[in-house]
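Note sheet for the following structure.
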Amino acid sequence: MGKNSIGSTISYFFLGEYFSDALRTTITVVLPIILFFYLGNPEAAKGIGVGALLISLTDLPDNRLNKLKTALWSIIVFFATTLVVSSVLDHVYLTAVVVVIAAFSFSMFAVYGQKLSLIGTMALIVCTFVMGLHPERPLYFSSYILIGGVWYYVISLIQILIRPYRSLHHAIFECLMSSAVFLNAKAKNYDVDVPLDLQQKEAIKLHIKVNQKHELIRNLLLTDKYAMNPDNPKGQLLLERARLLIDLYEQLNAVHYDYALVRKTLATGPSLKLIATLIELLAKELEQLGRHVRSAKAYKGEVATNIEYYQKRVMLLQEMERLNETQRKIVLKVVSNMNDIVRIIEMIRGNERTPEKHLQEPSGSISYPLFITGDRFSIKEHLTLKSPIFRFSLRLAICFLFGFLLIWQLEPSKYSYWLFLTLVIVARPKFSITWKRNLQRLKGSLGGVVIGLILIYFVKSPAVLLSFSVLFLLGFYAFNRLNYTVSVLFITPAVILTLGSYQGHFDHIVHDRIIFTVLGCVVAIFATYLFPIWDSRQLKEKISKATKDSLHYLQVAIERKENLGENISRMARKNANLSLSALSEAIESASQEPMRKHIDFNGLYGVQSTIYQINAIITSIYLSLNHKPEQADPLLVSQIVSNLSNEVVLKSNAVPHVDAIDVDHDDHSTKQKLAHIAVLSFDFRRFSTGFRG
C-alpha cells in the first residue's frame with residue numbers, strides 16, 4: 001500500500017460515517033454528564049450518561065421509519081429493565097433470579113430478528129450496569145435512563161431527518177471499495193507468479209464480503225418506503241445506483257475461465273500482463289468512483305478518456321493481431337467483459353439510464369419486497385432444544401447463574417458486574433465466534449490496561465485524565481463497528497480513568513478489571529460445550545443447500561430471464577450467492593472448532609471452490625445476449641444435475657465425454673460453458689464424497 005493509499009484510507013475514515021457518528025455520539029453522551037455534574041446532580045449525570053451511552057449501541061445504520069421503531073423499542077425496554085432490576089437489588093437472591101431470567105428472555109429476542117436481538121443484548125448489559133451502579137432511588141434512576149435514551153435518539157433522529165440517505169450513500173461507497181478489491185484479486189488470475197489455489201481462496205472471501213455489502217444496501221433501501229416511492233427522485237436515483245452495483249458485480253464475476261488453461265494458452269507474449277494491468281486500472285477507477293457516490297449528484301466519468309487505460313487497451317488490441325484464433329477469442333472475451341464494466345462505471349458516475357436491456361430492466365417488472373431478507377417471528381418454533389436460539393439462551397442463563405455462585409465465593413467487590421458484562425459480550429451461539437471474541441476482548445483489555453497505567457503514572461491531574469477518557473470514548477465508538485479489539489483497547493482505559501478519577505483506587509480498579517474479564521472469558525469458553533452449536537455438523541446441509549440453489553440458478557439461466565420473469569431470475573441469483581456465502585462461513589467456523597482435526601478441509605475447500613466457479617459460469621450464461629434455451633445440451637445438463645445432486649439420472653453409455661475442455665473449440669458458447677460446468681461437477685462429486693448423504 002503506497003503513501004497515497006494510506007492517506008486516502010485515513011481521510012476516508014475521518015470524513016466517513018464511522019468517525020462522524022462517533023463524534024456525534026460522544027458529544028451526545030458526554031454533554032449531559034458535564035452539565036449535571038456542573039449543576040451538582042451526580043445521580044442524574046450518571047443515569048442520563050449511562051442511558052445515552054448504552055442506548056447508542058442499538059443505533060445501527062437504517063432508514064427513518066426503522067430507526068424510529070428501534071428508538072421506541074430500546075427506550076421502553078431499557079426503562080422497564082432498569083426499573084425492575086434496580087428495585088430488587090437489596091434482595092440478593094431475588095436479584096439473581098431476575099437477572100438469570102432476563103438473560104434467557106433477552107437472548108430469545110433473537111427470534112424476532114437482528115435488530116431486536118441487539119436490543120435484547122444491550123438490555124442485558126443495562127442489567128449489569130445497574131448491578132454495578134446500585135442506585136439508591138430506583139424510580140429516579142430509571143427515569144434518568146429514560147431521559148438519556150430519549151435525549152440520544154432525538155439527536156440521532158434529527159440527523160437522519162436532515163440527511164435521510166447518509167447511511168445508504170456510505171453503504172454504496174463501501175460496496176464500491178470492496179468491489180475494487182475484488183477486481184484487483186481477479187487481475188491476479190492473469191499473473192503467473194500467483195498460485196491459483198491461493199488466489200481462488202482470496203476471491204471467495206472477497207465474494208462473500210461484496211455480497212454482505214449488497215445485502216446491507218438492500219435492507220437500507222428496499223425497506224425505506226419513502227425512498228421506494230416512485231415520486232421520490234432521490235430515492236429512485238439511489239435505487240438505480242444500487243441496481244447498477246448488482247450489474248457491476250455480475251460483470252466482475254461473470255467470465256470465469258479455466259485460468260490454468262488461459263495462462264498456458266497466453267504464456268508467450270505480453271497479453272497476460274496487459275490484461276492484468278487493464279483490470280488493475282479498472283479497480284483503481286472503482287476506488288476513485290467511491291469518493292463521489294456519497295453524494296446523489298451526478299459525476300461524469302473518466303474511464304473512457306483515461307489515457308493510461310486507453311493506451312494499454314490499444315496495445316492489447318494490437319497484440320491480438322499476432323495471436324492465433326484460440327488466443328484471440330480468449331482476449332476478445334476479456335476485452336468485451338471489460339467494456340461492459342467500463343459502461344456500468346460510467347453509468348454510475350452520471351446515474352444515466354441505459355437503453356441496453358441486458359444492463360437495465362423496467363422498474364415495474366421487479367417486486368422489490370421479495371429481495372428483503374426476512375426474519376422469523378414465531379416464538380413457538382424456537383421453544384425447543386432443536387432451536388439454536390433456545391439452546392444459546394438457556395446456556396447464557398446458566399452462565400449467569402454460575403456467575404452469581406462464583407462471585408458469592410469471592411471477596412465482595414463493586415466491580416464484580418464486569419464478570420456478567422464480559423459474559424454478555426463474548427458469549428456467542430457458536431464456538432468459533434465465542435473463541436474469537438474471547439481473544440479480542442483479552443487482547444484489547446490487557447492493552448487498554450497498559451495504556452491506562454501509563455497515563456496514571458505520568459498524569460496526575462483528574463481533569464486531564466478525564467479529557468483522555470473522552471478521547472478514548474471517541475475511539476471506542478469510531479472502531480466499534482470496524483474492529484472489536486481496537487474498540488476494547490479504547491474503552492478499557494476510558495473506564496479505568498473515569499472510575500479512578502471519580503472514585504480513586506486505580507490499583508483496585510485495574511485488578512478487578514483483569515480478574516473479572518478473565519473469569520468471564522473462561523466461563524464463556526467452557527459453556528460452549530453446554531448445548532453446543534457446531535457448524536461442523538451442519539456442513540452436509542449447507543453443501544446440499546448450496547448445490548440445490550446453484551442448480552436452480554442454472555435452470556433459470558438456461559431458460560433466460562425473459563421467459564421466467566425478472567423476479568424469479570434475480571431471486572435465483574441472489575439465493576445462489578447467499579447459499580455459497582453461508583457454506584463458506586460454516587467452513588470457516590468449523591475450521592476453528594475442537595473437532596476440526598477429524599474434518600477433510602481439503603475436500604471442503606474443493607467443494608467451496610467448485611461451487612464458486614460453477615456459479616460464475618452460470619452468471620456468464622445468464623448475462624449472455626447470444627444464449628438461447630435450445631442451445632443447452634440435455635445430456636450435459638443431466639450429467640451436471642447428477643453430479644451436483646448425487647443422483648444417478650443417466651445410464652453410463654449416455655454420459656457425454658466432458659473430461660476436458662477443448663480449447664481449440666473454445667467459442668464461449670452455451671454448450672462450451674455447460675461442458676466446463678460438467679467438468680467442474682465431476683470435481684465436485686469427487687471432493688464431496690465424505691460430505692454427502
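Chain labels follow the order of the C-alpha cells: the first chain is A, the next B, and so on; residue numbering restarts at 1 in every chain, and ligands are counted from 1 in their shown order.
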
Dump as CSV the rows for residues of range 384-471 of chain A within 12 Å of range 594-597 of chain A: closest atom pair and distance in Å with one decimal, only C-alpha atoms counted, ordered by chain and rising residue number.
```
residue,atom,partner,partner_atom,distance
A:Lys430,CA,A:Pro594,CA,11.8
A:Phe431,CA,A:Pro594,CA,8.7
A:Ser432,CA,A:Pro594,CA,9.3
A:Trp435,CA,A:Pro594,CA,10.8
```

Keeping only N, CA and C atoms, take the residues you just selected and write them out as a PDB file, in the first residue's frame.
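As written to disk, again09.pdb reads:
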```
ATOM      1  N   LYS A 430     -22.072 -19.763  18.606  1.00  0.00           N
ATOM      2  CA  LYS A 430     -21.097 -20.665  18.007  1.00  0.00           C
ATOM      3  C   LYS A 430     -19.760 -20.605  18.749  1.00  0.00           C
ATOM      4  N   PHE A 431     -19.095 -21.746  18.796  1.00  0.00           N
ATOM      5  CA  PHE A 431     -17.799 -21.836  19.461  1.00  0.00           C
ATOM      6  C   PHE A 431     -16.783 -20.901  18.810  1.00  0.00           C
ATOM      7  N   SER A 432     -16.738 -20.896  17.484  1.00  0.00           N
ATOM      8  CA  SER A 432     -15.720 -20.119  16.776  1.00  0.00           C
ATOM      9  C   SER A 432     -15.826 -18.631  17.075  1.00  0.00           C
ATOM     10  N   TRP A 435     -14.824 -18.003  20.751  1.00  0.00           N
ATOM     11  CA  TRP A 435     -13.365 -18.063  20.895  1.00  0.00           C
ATOM     12  C   TRP A 435     -12.709 -16.792  20.353  1.00  0.00           C
TER      13      TRP A 435
END
```

Fill in: Test item: residues at most 12 Å from Arg64 in chain A, only C-alpha atoms, excluding those fewer than 5 positions along its chain, as number ranges by chain
A: 59, 69-71, 153, 156-168, 220-221, 223-227

Practice prompt. Please provide the set of residues having any atom within 12 Å of Val98 in chain A, restricted to only C-alpha atoms, with same-chain residues fewer than 3 positions apart removed, written as an MDAnalysis selection string.
Written response: chainID A and resid 81:89 91:95 101:106 124 127:128 131 397 400:401 404

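Pairwise distance (CA of Leu289 in chain A, CA of Ala185 in chain A) equals 18.2 Å.
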
Worksheet item: Skipping near chain neighbours, those fewer than 6 positions away, what residues fall within 12 Å of Ser469 in chain A using only C-alpha atoms, listed as a ChimeraX atom specification?
Response: /A:26,30,448,451-452,455-456,462-463,475-476,489-502

Non-local contacts of Arg686 in chain A (12 Å; only C-alpha atoms; under 4 positions in same chain excluded) as a PDB file with N, CA and C atoms, in the first residue's frame:
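Heads up, here's the output in out-v1.pdb:
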```pdb
ATOM      1  N   ASN A 602      -9.477 -30.118   2.967  1.00  0.00           N
ATOM      2  CA  ASN A 602      -9.107 -30.053   1.556  1.00  0.00           C
ATOM      3  C   ASN A 602     -10.310 -30.347   0.667  1.00  0.00           C
ATOM      4  N   GLY A 603     -11.087 -31.361   1.083  1.00  0.00           N
ATOM      5  CA  GLY A 603     -12.309 -31.672   0.356  1.00  0.00           C
ATOM      6  C   GLY A 603     -13.312 -30.536   0.423  1.00  0.00           C
ATOM      7  N   LEU A 604     -13.442 -29.931   1.619  1.00  0.00           N
ATOM      8  CA  LEU A 604     -14.384 -28.818   1.790  1.00  0.00           C
ATOM      9  C   LEU A 604     -14.001 -27.620   0.928  1.00  0.00           C
ATOM     10  N   GLY A 606     -12.302 -27.736  -1.745  1.00  0.00           N
ATOM     11  CA  GLY A 606     -12.577 -28.129  -3.124  1.00  0.00           C
ATOM     12  C   GLY A 606     -14.039 -27.942  -3.476  1.00  0.00           C
ATOM     13  N   VAL A 607     -14.935 -28.353  -2.568  1.00  0.00           N
ATOM     14  CA  VAL A 607     -16.376 -28.157  -2.762  1.00  0.00           C
ATOM     15  C   VAL A 607     -16.700 -26.672  -2.910  1.00  0.00           C
ATOM     16  N   THR A 610     -15.337 -25.237  -6.293  1.00  0.00           N
ATOM     17  CA  THR A 610     -16.056 -25.666  -7.499  1.00  0.00           C
ATOM     18  C   THR A 610     -17.442 -25.029  -7.585  1.00  0.00           C
ATOM     19  N   ASN A 643     -24.281 -35.070 -10.942  1.00  0.00           N
ATOM     20  CA  ASN A 643     -23.077 -34.907 -10.117  1.00  0.00           C
ATOM     21  C   ASN A 643     -23.320 -34.002  -8.912  1.00  0.00           C
ATOM     22  N   LEU A 644     -24.060 -32.934  -9.110  1.00  0.00           N
ATOM     23  CA  LEU A 644     -24.274 -31.978  -8.016  1.00  0.00           C
ATOM     24  C   LEU A 644     -25.299 -32.462  -7.005  1.00  0.00           C
ATOM     25  N   ASN A 646     -25.975 -35.696  -6.503  1.00  0.00           N
ATOM     26  CA  ASN A 646     -25.610 -37.060  -6.073  1.00  0.00           C
ATOM     27  C   ASN A 646     -26.688 -38.074  -6.438  1.00  0.00           C
ATOM     28  N   VAL A 679     -17.411 -30.557 -16.224  1.00  0.00           N
ATOM     29  CA  VAL A 679     -16.094 -30.966 -15.726  1.00  0.00           C
ATOM     30  C   VAL A 679     -15.952 -30.609 -14.244  1.00  0.00           C
ATOM     31  N   LEU A 680     -16.385 -29.395 -13.904  1.00  0.00           N
ATOM     32  CA  LEU A 680     -16.316 -28.968 -12.500  1.00  0.00           C
ATOM     33  C   LEU A 680     -17.233 -29.817 -11.620  1.00  0.00           C
ATOM     34  N   SER A 681     -18.358 -30.234 -12.172  1.00  0.00           N
ATOM     35  CA  SER A 681     -19.286 -31.042 -11.375  1.00  0.00           C
ATOM     36  C   SER A 681     -18.692 -32.407 -11.043  1.00  0.00           C
ATOM     37  N   PHE A 682     -17.851 -32.937 -11.944  1.00  0.00           N
ATOM     38  CA  PHE A 682     -17.131 -34.177 -11.628  1.00  0.00           C
ATOM     39  C   PHE A 682     -16.166 -33.947 -10.468  1.00  0.00           C
ATOM     40  N   GLY A 690     -17.138 -37.415   1.062  1.00  0.00           N
ATOM     41  CA  GLY A 690     -17.308 -37.627   2.508  1.00  0.00           C
ATOM     42  C   GLY A 690     -18.339 -36.735   3.151  1.00  0.00           C
ATOM     43  N   PHE A 691     -19.020 -35.892   2.365  1.00  0.00           N
ATOM     44  CA  PHE A 691     -19.971 -34.938   2.938  1.00  0.00           C
ATOM     45  C   PHE A 691     -21.367 -35.081   2.349  1.00  0.00           C
ATOM     46  N   ARG A 692     -21.636 -36.218   1.709  1.00  0.00           N
ATOM     47  CA  ARG A 692     -22.940 -36.404   1.092  1.00  0.00           C
ATOM     48  C   ARG A 692     -23.739 -37.447   1.850  1.00  0.00           C
TER      49      ARG A 692
END
```

Item to complete: Using DSSP on the backbone coordinates, identify the residues of range 539-658 of chain A assigned to alpha helix (DSSP H); present them as a PyMOL selection string.
Response: chain A and resi 539-559+561-564+566-590+601-623+634-645

Fill in: Among listed residues A:Phe601, A:Tyr477, A:Phe392, A:Phe173, nearest Val424 in chain A (using only C-alpha atoms)
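Of A:Phe601, A:Tyr477, A:Phe392, A:Phe173, the one nearest Val424 in chain A, counting only C-alpha atoms, is A:Phe392.
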
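Between CA of Val111 in chain A and CA of Phe531 in chain A the interatomic distance comes to 17.6 Å.
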
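Non-sequential neighbours of Ser645 in chain A (distance at most 9 Å, separation of 3 or more positions within a chain, only C-alpha atoms) are Ser544, Thr547, Lys548, Leu551, Ile640, Val641, Ser642, Val648 and Arg685 of chain A.
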
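Those residues that approach His169 in chain A to within 12 Å, counting only C-alpha atoms, are A:Gly16, A:Glu17, A:Pro61, A:Asp62, A:Asn63, A:Arg163, A:Cys175, A:Leu176, A:Lys213, A:Leu216, A:Ile217, A:Leu220, A:Leu221, A:Lys234, A:Gly235, A:Leu237, A:Leu238, A:Leu239, A:Arg241, A:Ala242, A:Gly290, A:Arg291, A:His292, A:Val293, A:Arg294, A:Ser295, A:Ala296, A:Lys297; same-chain residues fewer than 6 positions away are not listed.
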
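Our summary of the geometry notes that CA of Ser620 in chain A is positioned 24.0 Å from CA of Phe687 in chain A.
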
Worksheet, complete the sentence: Between A:Tyr605, A:Trp73, A:Val637, A:Asp535, smallest distance to Leu198 in chain A by only C-alpha atoms belongs to A:Tyr605
